[in-house]
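Visitor: What follows is upload-v9.cif; its format and atoms are mmCIF, C-alpha atoms and all ligand atoms.
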```cif
data_entry
#
loop_
_atom_site.label_atom_id
_atom_site.label_comp_id
_atom_site.auth_asym_id
_atom_site.auth_seq_id
_atom_site.Cartn_x
_atom_site.Cartn_y
_atom_site.Cartn_z
CA MET B 1 47.00 -63.92 80.33
CA ASN B 2 49.95 -61.55 80.48
CA ILE B 3 49.36 -58.87 77.80
CA PHE B 4 52.94 -59.32 76.58
CA SER B 5 52.17 -62.94 75.69
CA GLN B 6 49.25 -62.03 73.45
CA SER B 7 51.39 -62.12 70.33
CA ASN B 8 54.49 -64.07 69.31
CA PRO B 9 56.69 -62.14 69.01
CA PHE B 10 55.23 -59.09 70.76
CA ILE B 11 56.61 -56.01 69.00
CA ILE B 12 57.16 -52.70 70.76
CA ALA B 13 58.38 -49.97 68.40
CA GLY B 14 58.57 -46.22 68.28
CA PRO B 15 61.04 -43.39 68.65
CA CYS B 16 63.71 -43.11 71.31
CA ALA B 17 61.97 -39.89 72.33
CA ALA B 18 58.71 -38.11 71.58
CA GLU B 19 60.02 -34.93 69.94
CA ASP B 20 56.94 -33.16 68.59
CA GLU B 21 53.31 -33.82 67.77
CA GLU B 22 53.91 -34.24 64.05
CA GLN B 23 56.57 -36.92 64.55
CA MET B 24 54.28 -38.84 66.92
CA GLN B 25 51.25 -38.66 64.59
CA ASN B 26 53.45 -39.77 61.73
CA ILE B 27 54.50 -42.86 63.75
CA ALA B 28 50.88 -43.53 64.76
CA HIS B 29 49.75 -43.58 61.11
CA SER B 30 52.69 -45.76 60.05
CA PHE B 31 51.90 -48.39 62.69
CA LYS B 32 48.11 -48.52 62.26
CA ASN B 33 47.02 -52.00 61.04
CA THR B 34 50.52 -53.46 61.30
CA ALA B 35 52.24 -56.18 63.35
CA VAL B 36 53.40 -53.60 65.90
CA ASN B 37 51.64 -54.30 69.21
CA MET B 38 52.72 -51.35 71.32
CA ILE B 39 54.21 -47.94 70.58
CA ARG B 40 57.09 -46.64 72.69
CA ALA B 41 58.37 -43.09 73.07
CA GLY B 42 60.56 -41.58 75.77
CA VAL B 43 59.01 -38.56 77.47
CA TRP B 44 61.75 -38.08 80.09
CA LYS B 45 65.15 -39.04 78.69
CA PRO B 46 68.01 -40.11 80.97
CA ARG B 47 71.09 -38.57 79.31
CA SER B 48 74.57 -39.49 80.46
CA LYS B 49 75.73 -35.89 80.19
CA PRO B 50 73.94 -32.58 80.78
CA GLY B 51 73.18 -30.25 77.92
CA PHE B 52 71.42 -32.75 75.66
CA PHE B 53 67.75 -33.22 74.75
CA GLU B 54 65.99 -34.53 77.87
CA GLY B 55 62.51 -35.12 76.50
CA ARG B 56 59.39 -32.94 76.31
CA GLY B 57 57.77 -34.02 79.59
CA GLU B 58 54.04 -33.92 80.30
CA ILE B 59 52.92 -32.49 76.94
CA ALA B 60 54.35 -35.58 75.21
CA LEU B 61 51.96 -37.73 77.25
CA GLN B 62 49.10 -35.92 75.50
CA TRP B 63 50.68 -36.78 72.15
CA LEU B 64 50.86 -40.43 73.26
CA GLN B 65 47.11 -40.36 73.95
CA THR B 66 46.52 -39.14 70.40
CA VAL B 67 48.88 -41.83 69.09
CA LYS B 68 46.74 -44.42 70.86
CA GLU B 69 43.56 -43.07 69.24
CA ILE B 70 45.00 -42.87 65.74
CA SER B 71 46.84 -46.19 65.73
CA GLY B 72 44.61 -48.32 67.95
CA LYS B 73 47.84 -49.59 69.58
CA LYS B 74 48.93 -49.68 73.21
CA VAL B 75 51.47 -47.05 74.28
CA CYS B 76 54.35 -46.95 76.76
CA THR B 77 57.10 -44.68 78.08
CA GLU B 78 60.03 -44.77 80.51
CA ILE B 79 59.49 -43.69 84.13
CA ALA B 80 62.10 -43.12 86.82
CA THR B 81 60.25 -41.30 89.63
CA PRO B 82 56.93 -41.73 91.48
CA GLU B 83 55.77 -38.36 90.01
CA GLN B 84 56.36 -39.68 86.48
CA ILE B 85 54.30 -42.78 87.32
CA GLU B 86 51.47 -40.56 88.56
CA LEU B 87 51.49 -38.69 85.24
CA ALA B 88 51.68 -41.91 83.18
CA LEU B 89 48.58 -43.13 85.03
CA LYS B 90 46.81 -39.77 84.62
CA TYR B 91 47.30 -39.94 80.83
CA ASP B 92 46.18 -43.56 80.75
CA LEU B 93 49.32 -45.13 79.28
CA ASP B 94 49.14 -48.92 78.93
CA ALA B 95 52.65 -49.64 80.09
CA VAL B 96 55.80 -48.08 81.52
CA TRP B 97 59.36 -49.32 81.48
CA ILE B 98 62.07 -48.94 84.08
CA GLY B 99 65.31 -47.96 82.36
CA ALA B 100 68.72 -49.57 82.79
CA ARG B 101 70.05 -46.65 84.81
CA THR B 102 67.13 -46.94 87.23
CA THR B 103 67.11 -50.73 87.70
CA VAL B 104 70.54 -50.44 89.34
CA ASN B 105 69.11 -48.58 92.34
CA PRO B 106 67.02 -50.66 94.78
CA PHE B 107 65.90 -47.55 96.71
CA VAL B 108 64.45 -45.99 93.56
CA VAL B 109 62.96 -49.26 92.33
CA GLN B 110 61.20 -49.69 95.70
CA GLU B 111 59.80 -46.14 95.46
CA LEU B 112 58.51 -46.96 91.99
CA ALA B 113 57.01 -50.24 93.22
CA ASP B 114 55.20 -48.36 96.00
CA ALA B 115 53.85 -45.81 93.49
CA LEU B 116 52.62 -48.63 91.22
CA LYS B 117 50.67 -50.42 93.97
CA GLY B 118 47.01 -50.84 93.11
CA SER B 119 47.33 -49.80 89.47
CA LYS B 120 46.64 -52.01 86.48
CA ILE B 121 49.38 -50.56 84.30
CA ALA B 122 51.85 -53.00 82.68
CA VAL B 123 55.54 -52.75 83.56
CA LEU B 124 58.73 -53.73 81.75
CA VAL B 125 62.00 -53.89 83.66
CA LYS B 126 65.20 -53.37 81.67
CA ASN B 127 68.36 -55.09 82.83
CA PRO B 128 70.66 -52.90 84.96
CA ILE B 129 73.61 -51.42 83.03
CA ASN B 130 75.97 -53.91 84.77
CA PRO B 131 75.62 -57.68 84.30
CA ASP B 132 74.15 -58.43 87.73
CA ILE B 133 71.29 -60.89 87.61
CA GLU B 134 70.42 -60.44 91.29
CA LEU B 135 69.92 -56.70 90.79
CA TRP B 136 67.71 -57.37 87.78
CA SER B 137 65.65 -60.11 89.43
CA GLY B 138 65.47 -58.06 92.64
CA ALA B 139 63.86 -55.20 90.71
CA ILE B 140 61.43 -57.63 89.07
CA GLU B 141 60.47 -59.05 92.45
CA ARG B 142 59.84 -55.59 93.92
CA ILE B 143 57.43 -54.82 91.07
CA GLN B 144 55.82 -58.27 91.32
CA LYS B 145 55.25 -57.75 95.06
CA ALA B 146 53.50 -54.45 94.28
CA GLY B 147 50.82 -56.57 92.58
CA ILE B 148 51.67 -55.77 88.95
CA GLU B 149 50.41 -58.66 86.87
CA ASN B 150 51.45 -57.61 83.40
CA LEU B 151 55.17 -57.69 83.94
CA ALA B 152 58.04 -58.35 81.52
CA ALA B 153 61.83 -58.02 81.40
CA ILE B 154 63.95 -56.39 78.68
CA HIS B 155 67.50 -57.41 77.79
CA ARG B 156 69.20 -54.24 76.45
CA GLY B 157 72.80 -55.36 76.89
CA PHE B 158 75.43 -54.28 79.41
CA SER B 159 77.80 -51.35 79.23
CA SER B 160 81.54 -51.92 79.19
CA TYR B 161 84.67 -49.88 78.73
CA ASP B 162 85.57 -51.75 75.58
CA SER B 163 86.05 -49.37 72.68
CA THR B 164 86.63 -52.28 70.28
CA SER B 165 83.22 -53.82 70.92
CA LYS B 166 80.91 -53.79 67.93
CA TYR B 167 77.98 -53.30 70.31
CA ARG B 168 76.91 -50.22 72.20
CA ASN B 169 75.82 -52.43 75.09
CA LYS B 170 77.14 -55.96 74.91
CA PRO B 171 74.54 -58.70 74.99
CA ASN B 172 75.15 -61.41 77.57
CA TRP B 173 72.58 -64.04 76.65
CA ALA B 174 73.35 -66.32 79.57
CA ILE B 175 71.82 -63.73 81.94
CA PRO B 176 68.33 -63.41 80.37
CA ILE B 177 68.32 -67.19 79.83
CA GLU B 178 68.95 -67.68 83.55
CA LEU B 179 66.20 -65.15 84.29
CA LYS B 180 63.83 -67.20 82.15
CA ARG B 181 64.78 -70.33 84.05
CA ARG B 182 63.96 -68.57 87.34
CA TYR B 183 60.68 -66.99 86.21
CA LYS B 184 59.13 -69.38 83.72
CA GLU B 185 56.05 -67.23 83.13
CA LEU B 186 57.86 -63.90 82.72
CA PRO B 187 57.96 -62.67 79.09
CA ILE B 188 61.41 -61.48 78.03
CA PHE B 189 62.06 -58.83 75.40
CA CYS B 190 65.19 -57.95 73.51
CA ASP B 191 65.91 -54.25 72.94
CA ALA B 192 68.16 -54.80 69.93
CA SER B 193 68.44 -51.03 69.34
CA HIS B 194 70.26 -50.27 72.59
CA ILE B 195 72.36 -53.43 72.29
CA CYS B 196 73.55 -52.55 68.79
CA GLY B 197 73.79 -48.75 68.85
CA SER B 198 73.64 -48.65 65.06
CA ILE B 199 71.25 -50.27 62.64
CA GLU B 200 73.46 -52.85 60.85
CA LEU B 201 73.42 -55.53 63.52
CA ILE B 202 69.79 -55.09 64.60
CA PRO B 203 68.32 -57.82 62.34
CA SER B 204 70.79 -60.51 63.45
CA ILE B 205 70.47 -59.63 67.14
CA SER B 206 66.66 -59.65 66.86
CA GLN B 207 66.77 -63.09 65.22
CA ARG B 208 69.20 -64.38 67.84
CA ALA B 209 66.78 -63.29 70.57
CA LEU B 210 63.88 -65.10 68.93
CA ASP B 211 66.03 -68.21 68.47
CA LEU B 212 66.71 -68.09 72.19
CA ASP B 213 62.98 -68.09 72.88
CA PHE B 214 62.55 -64.41 73.71
CA ASP B 215 58.92 -63.32 73.69
CA GLY B 216 59.23 -59.95 72.04
CA LEU B 217 61.36 -57.16 70.63
CA MET B 218 61.68 -53.47 71.45
CA LEU B 219 62.96 -51.55 68.43
CA GLU B 220 63.50 -47.82 68.14
CA THR B 221 61.80 -46.43 65.06
CA HIS B 222 61.72 -42.84 63.82
CA PRO B 223 60.12 -41.31 60.71
CA ASN B 224 63.43 -39.57 59.97
CA PRO B 225 66.23 -41.21 62.00
CA ALA B 226 68.97 -38.88 60.77
CA ALA B 227 67.14 -35.92 62.31
CA ALA B 228 66.40 -37.65 65.65
CA LEU B 229 67.23 -35.64 68.78
CA SER B 230 68.58 -38.74 70.56
CA ASP B 231 69.97 -42.12 69.46
CA ALA B 232 69.87 -41.13 65.77
CA LYS B 233 72.25 -43.89 64.66
CA GLN B 234 70.22 -46.79 66.02
CA GLN B 235 66.68 -45.88 64.93
CA LEU B 236 65.02 -47.67 62.03
CA THR B 237 62.57 -46.09 59.62
CA PRO B 238 59.10 -47.69 59.77
CA ALA B 239 59.83 -49.26 56.34
CA ALA B 240 63.07 -50.83 57.63
CA LEU B 241 61.21 -52.09 60.70
CA PHE B 242 58.53 -53.81 58.59
CA ASP B 243 61.20 -55.32 56.38
CA LEU B 244 63.00 -56.67 59.46
CA ILE B 245 59.77 -58.12 60.91
CA SER B 246 58.89 -59.81 57.61
CA LYS B 247 62.29 -61.54 57.52
CA LEU B 248 62.25 -62.87 61.09
CA THR B 249 62.01 -66.64 61.46
CA ILE B 250 59.57 -67.41 64.22
CA ARG B 251 60.18 -70.70 65.91
CA GLU B 252 57.32 -72.85 67.09
CA PRO B 253 56.87 -72.60 70.85
CA ILE B 254 58.67 -75.36 72.73
CA ASP B 255 56.18 -78.16 73.42
CA GLY B 256 58.38 -79.91 75.92
CA SER B 257 59.27 -82.85 73.65
CA THR B 258 62.84 -84.11 73.87
CA GLN B 259 63.57 -82.97 70.32
CA ASP B 260 62.37 -79.48 71.19
CA GLU B 261 64.46 -79.29 74.31
CA ILE B 262 67.52 -80.48 72.41
CA GLU B 263 66.89 -77.79 69.80
CA HIS B 264 66.55 -75.15 72.51
CA ILE B 265 69.79 -76.17 74.20
CA ARG B 266 71.52 -76.11 70.81
CA GLN B 267 70.39 -72.54 70.26
CA ILE B 268 71.96 -71.57 73.56
CA ILE B 269 75.17 -73.42 72.64
CA ASP B 270 75.25 -71.60 69.29
CA SER B 271 75.03 -68.25 70.99
CA LEU B 272 77.75 -69.16 73.52
CA ASP B 273 80.01 -70.42 70.71
CA ALA B 274 79.48 -67.16 68.82
CA GLU B 275 80.83 -65.38 71.91
CA VAL B 276 83.77 -67.79 72.20
CA VAL B 277 84.72 -67.15 68.55
CA ASP B 278 84.35 -63.38 69.06
CA LEU B 279 86.63 -63.50 72.08
CA ILE B 280 89.28 -65.60 70.35
CA GLY B 281 89.18 -63.16 67.42
CA LYS B 282 89.72 -60.28 69.80
CA ARG B 283 92.60 -62.10 71.51
CA MET B 284 94.29 -62.60 68.13
CA ASP B 285 93.80 -58.94 67.27
CA ILE B 286 95.45 -57.70 70.42
CA VAL B 287 98.34 -60.12 69.88
CA LYS B 288 99.17 -58.12 66.74
CA SER B 289 99.82 -54.98 68.83
CA LEU B 290 102.00 -57.09 71.13
CA ALA B 291 104.04 -58.31 68.16
CA ILE B 292 104.64 -54.74 66.96
CA LEU B 293 105.84 -53.67 70.42
CA LYS B 294 108.14 -56.68 70.78
CA ASN B 295 109.65 -55.98 67.34
CA LYS B 296 110.23 -52.34 68.11
CA ASN B 297 112.09 -53.25 71.27
CA ASN B 298 113.95 -56.20 69.80
CA MET B 299 112.41 -58.67 72.20
CA PRO B 300 112.02 -62.40 71.51
CA ILE B 301 108.55 -63.51 70.49
CA TYR B 302 108.48 -66.64 72.59
CA GLN B 303 109.10 -66.25 76.29
CA VAL B 304 109.11 -69.44 78.38
CA ASP B 305 108.20 -67.67 81.63
CA ARG B 306 105.13 -66.18 80.05
CA TRP B 307 103.97 -69.56 78.75
CA SER B 308 104.34 -71.15 82.22
CA GLU B 309 102.38 -68.27 83.70
CA ILE B 310 99.59 -68.72 81.12
CA ILE B 311 99.28 -72.41 81.89
CA GLU B 312 99.28 -71.90 85.63
CA SER B 313 96.69 -69.13 85.74
CA ARG B 314 94.36 -70.70 83.15
CA THR B 315 94.31 -74.09 84.84
CA ASN B 316 93.63 -72.34 88.15
CA TRP B 317 90.70 -70.40 86.65
CA GLY B 318 89.45 -73.69 85.21
CA LYS B 319 89.06 -75.19 88.68
CA LYS B 320 86.22 -72.79 89.43
CA ASN B 321 84.40 -73.93 86.28
CA ASP B 322 85.04 -77.63 86.61
CA LEU B 323 87.38 -77.67 83.61
CA ASP B 324 90.23 -80.12 83.98
CA ALA B 325 93.84 -79.01 83.61
CA ASP B 326 94.55 -81.43 80.77
CA PHE B 327 91.80 -80.00 78.61
CA LEU B 328 92.82 -76.40 79.29
CA LEU B 329 96.46 -77.21 78.58
CA LYS B 330 95.53 -78.57 75.13
CA LEU B 331 93.20 -75.65 74.42
CA PHE B 332 95.75 -73.00 75.35
CA GLU B 333 98.55 -74.81 73.52
CA LEU B 334 96.47 -74.39 70.37
CA ILE B 335 95.65 -70.75 71.07
CA HIS B 336 99.18 -69.85 72.15
CA ASP B 337 100.67 -71.64 69.15
CA LYS B 338 98.47 -69.66 66.78
CA SER B 339 99.37 -66.47 68.61
CA ILE B 340 103.12 -67.16 68.25
CA LYS B 341 102.67 -67.93 64.53
CA THR B 342 100.77 -64.68 64.04
CA GLN B 343 103.57 -62.74 65.77
CA ILE B 344 106.23 -64.44 63.63
CA GLN B 345 104.29 -63.52 60.48
CA ILE B 346 104.18 -59.88 61.57
CA LYS B 347 107.91 -59.90 62.35
CA ASN B 348 108.65 -61.18 58.85
C1 LIG B 401 65.50 -46.05 75.98
O1 LIG B 401 64.84 -47.09 75.85
O2 LIG B 401 65.39 -45.08 75.23
C2 LIG B 401 66.55 -46.01 77.01
C3 LIG B 401 67.01 -44.87 77.50
O3 LIG B 401 66.96 -47.22 77.34
P1 LIG B 401 68.03 -47.81 78.37
O4 LIG B 401 67.45 -47.62 79.74
O5 LIG B 401 68.07 -49.23 77.94
O6 LIG B 401 69.32 -47.09 78.15
MN MN B 402 67.10 -44.58 73.07
#
```
Take the structure in this file and express it as structure tokens.
Ligand code: PEP
Ligand code: MN
Guide:
Amino acid sequence: MNIFSQSNPFIIAGPCAAEDEEQMQNIAHSFKNTAVNMIRAGVWKPRSKPGFFEGRGEIALQWLQTVKEISGKKVCTEIATPEQIELALKYDLDAVWIGARTTVNPFVVQELADALKGSKIAVLVKNPINPDIELWSGAIERIQKAGIENLAAIHRGFSSYDSTSKYRNKPNWAIPIELKRRYKELPIFCDASHICGSIELIPSISQRALDLDFDGLMLETHPNPAAALSDAKQQLTPAALFDLISKLTIREPIDGSTQDEIEHIRQIIDSLDAEVVDLIGKRMDIVKSLAILKNKNNMPIYQVDRWSEIIESRTNWGKKNDLDADFLLKLFELIHDKSIKTQIQIKN
């Protein structure tokens, strides 16, 4: 049995980065005899810009060994080069994960797969930073072909240039759901910490993942988040983590009955509808800026040409998705009408 299926949900928690021995021992003691299944800590940290904390390197692997002894839990870290894999194996880590910035590069993933050949270590593959399912599943297949049996995927959201997003990395649930359809036996985790970027939304995103049948959660946890050397805003204290775990609703595994399948499909519909509502909300928000500009320049709110253009482009887009023109016309009449009303309100 895949080690990541040994508990439902399987919880991986621990700091973004191993910073010092005291922090790591503190975490080990906090997690002893708890629902946490595996302790994470970054040893080599991929930072977008130079000049920031990049992890302690090899010495932190020694701390992880001590963590394992104290807590009795499995331990894991991120690897991005064959040399780092060699060290992770030397220090007897239970698992390694491939980070989002590494999954994007098939050359690197193949080098990692070659370095993993013949080892018994478990591997988790994060989604690439861009929403490309082929890149993600390609990386998974490279690791599978290397003979790794304890394999799992992690949804950590996708980066976008959208400063209004409430997420650090936007979740796109349709992608991990499709991955699950392709690889029925592959456990899928949700890294709610890197999706959210701050702690407020972590409980709801974690619950959403479980509702969508995810197998586990990866949650960054630090004894003193405010003082963390990386990702300070998104790390939970151990107490907050335990509180979150105790409030999660764990659904019974799907037994294949019709009722169960209906329920599962409804969960997916709920999550898609949440995105639809989010997007409509955003559309209405941006309309407000449009209204202000039009007012400033004394332009009419309703422009016939623009409406014709909306109808034409939307019905064309609909063709690709099998959505008939009549339906889209009605839908956009409603949306456009609301948008015009909002602009009139602002004008007055
Ligand atoms: C991490 O888990 O700390 C990390 C760097 O993750 P990601 O690859 O998802 O950015
Ligand atoms: Mn992090």
Visitor: Taking all atoms listed in the file into account, report as a list in words which residues have an atom no farther than 8 Å from an atom of ligand LIG 401 (chain B).
Guide: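 Residues satisfying the distance criterion: Cys16, Ala17, Ala41, Gly42, Lys45, Pro46, Arg47, Glu78, Ile98, Gly99, Ala100, Arg101, Thr102, Lys126, Asn127, Ile129, Arg156, Gly157, Asp191, His194, Glu220 and Asp231 of chain B.
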Visitor: Using all atoms of stretch 118-134 of chain B that appear in the file, construct an axis-aligned enclosing box with 3 Å of padding on every side and provide its centre coordinates and edge lengths in Å, rounded to one decimal, as JSON.
Guide:
```
{"center_x": 61.3, "center_y": -55.3, "center_z": 87.4, "size_x": 35.3, "size_y": 17.1, "size_z": 17.4}
```
Visitor: Report, in Å with one decimal, the straight-line distance from atom CA of B:Glu141 to atom CA of B:Val123.
Guide: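 Between atom CA of B:Glu141 and atom CA of B:Val123 the gap is 12.0 Å.
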Visitor: Taking into account all atoms listed in the file, which residue in the set B:Tyr302, B:Trp97, B:Trp173, B:Phe332 is nearest to B:Arg314?
Guide: B:Phe332
Visitor: Determine the nearest neighbour of B:Gln235 from the options B:Leu151, B:Ile133, B:Ile195, B:Ala174, counting all atoms listed in the file.
Guide: B:Ile195
Visitor: Residues at most 12 Å from B:Lys294, counting only C-alpha atoms, excluding those fewer than 3 positions away in the same chain, as a list in words?
Guide: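 Skipping anything fewer than 3 positions along the chain leaves Val287, Lys288, Ser289, Leu290, Ala291, Asn297, Asn298, Met299, Pro300, Ile301, Tyr302, Gln303, Ile340, Gln343, Ile344, Ile346 and Lys347 of chain B.
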Visitor: Give me, please, the distance in Å between atom CA of B:Asn37 and atom CA of B:Ser246, quoted to one decimal.
Guide: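 About the pair atom CA of B:Asn37 and atom CA of B:Ser246: they are 14.7 Å apart.
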Visitor: B:Ala115, B:Ala192, B:Tyr91, B:Asn105: which is nearest ligand MN 402 (chain B), counting all atoms listed in the file?
Guide: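 Between B:Ala115, B:Ala192, B:Tyr91, B:Asn105, the residue approaching ligand MN 402 (chain B) most closely is B:Ala192.
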Visitor: Within 12 Å of B:Leu61, counting all atoms listed in the file, which residues show up once you throw out same-chain ones fewer than 5 positions away? Write them as an mmCIF file with C-alpha atoms, in the frame of the given file, please.
Guide:
```cif
data_model
loop_
_atom_site.group_PDB
_atom_site.id
_atom_site.type_symbol
_atom_site.label_atom_id
_atom_site.label_comp_id
_atom_site.auth_asym_id
_atom_site.auth_seq_id
_atom_site.Cartn_x
_atom_site.Cartn_y
_atom_site.Cartn_z
ATOM 1 C CA ALA B 17 61.970 -39.890 72.330
ATOM 2 C CA ALA B 18 58.710 -38.110 71.580
ATOM 3 C CA GLU B 19 60.020 -34.930 69.940
ATOM 4 C CA ASP B 20 56.940 -33.160 68.590
ATOM 5 C CA GLU B 21 53.310 -33.820 67.770
ATOM 6 C CA MET B 24 54.280 -38.840 66.920
ATOM 7 C CA ARG B 40 57.090 -46.640 72.690
ATOM 8 C CA ALA B 41 58.370 -43.090 73.070
ATOM 9 C CA GLY B 42 60.560 -41.580 75.770
ATOM 10 C CA VAL B 43 59.010 -38.560 77.470
ATOM 11 C CA TRP B 44 61.750 -38.080 80.090
ATOM 12 C CA GLY B 55 62.510 -35.120 76.500
ATOM 13 C CA ARG B 56 59.390 -32.940 76.310
ATOM 14 C CA THR B 66 46.520 -39.140 70.400
ATOM 15 C CA VAL B 67 48.880 -41.830 69.090
ATOM 16 C CA LYS B 68 46.740 -44.420 70.860
ATOM 17 C CA VAL B 75 51.470 -47.050 74.280
ATOM 18 C CA CYS B 76 54.350 -46.950 76.760
ATOM 19 C CA THR B 77 57.100 -44.680 78.080
ATOM 20 C CA GLU B 78 60.030 -44.770 80.510
ATOM 21 C CA ILE B 79 59.490 -43.690 84.130
ATOM 22 C CA GLN B 84 56.360 -39.680 86.480
ATOM 23 C CA ILE B 85 54.300 -42.780 87.320
ATOM 24 C CA GLU B 86 51.470 -40.560 88.560
ATOM 25 C CA LEU B 87 51.490 -38.690 85.240
ATOM 26 C CA ALA B 88 51.680 -41.910 83.180
ATOM 27 C CA LEU B 89 48.580 -43.130 85.030
ATOM 28 C CA LYS B 90 46.810 -39.770 84.620
ATOM 29 C CA TYR B 91 47.300 -39.940 80.830
ATOM 30 C CA ASP B 92 46.180 -43.560 80.750
ATOM 31 C CA LEU B 93 49.320 -45.130 79.280
ATOM 32 C CA ASP B 94 49.140 -48.920 78.930
ATOM 33 C CA VAL B 96 55.800 -48.080 81.520
#
```
Visitor: In terms of the shortest atom-to-atom distance over all atoms listed in the file, which of B:Ser193, B:Asn150, B:Asn8, B:Gln25 is closest to B:Leu248?
Guide: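 Of the candidates, the smallest distance to B:Leu248 is held by B:Asn8.
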Visitor: At a cut-off of 8 Å around the point (67.3, -66.8, 73.3) (file coordinates), what residues fall inside when counting only C-alpha atoms? I'd like the answer as a list in words.
Guide: Trp173, Pro176, Ile177, Arg208, Ala209, Leu210, Asp211, Leu212, Asp213, Phe214, Gln267 and Ile268 of chain B
Visitor: What gap, in Å, lies between atom CA of B:Lys74 and atom CA of B:Ala113?
Guide: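 Interatomic distance, atom CA of B:Lys74 to atom CA of B:Ala113: 21.6 Å.
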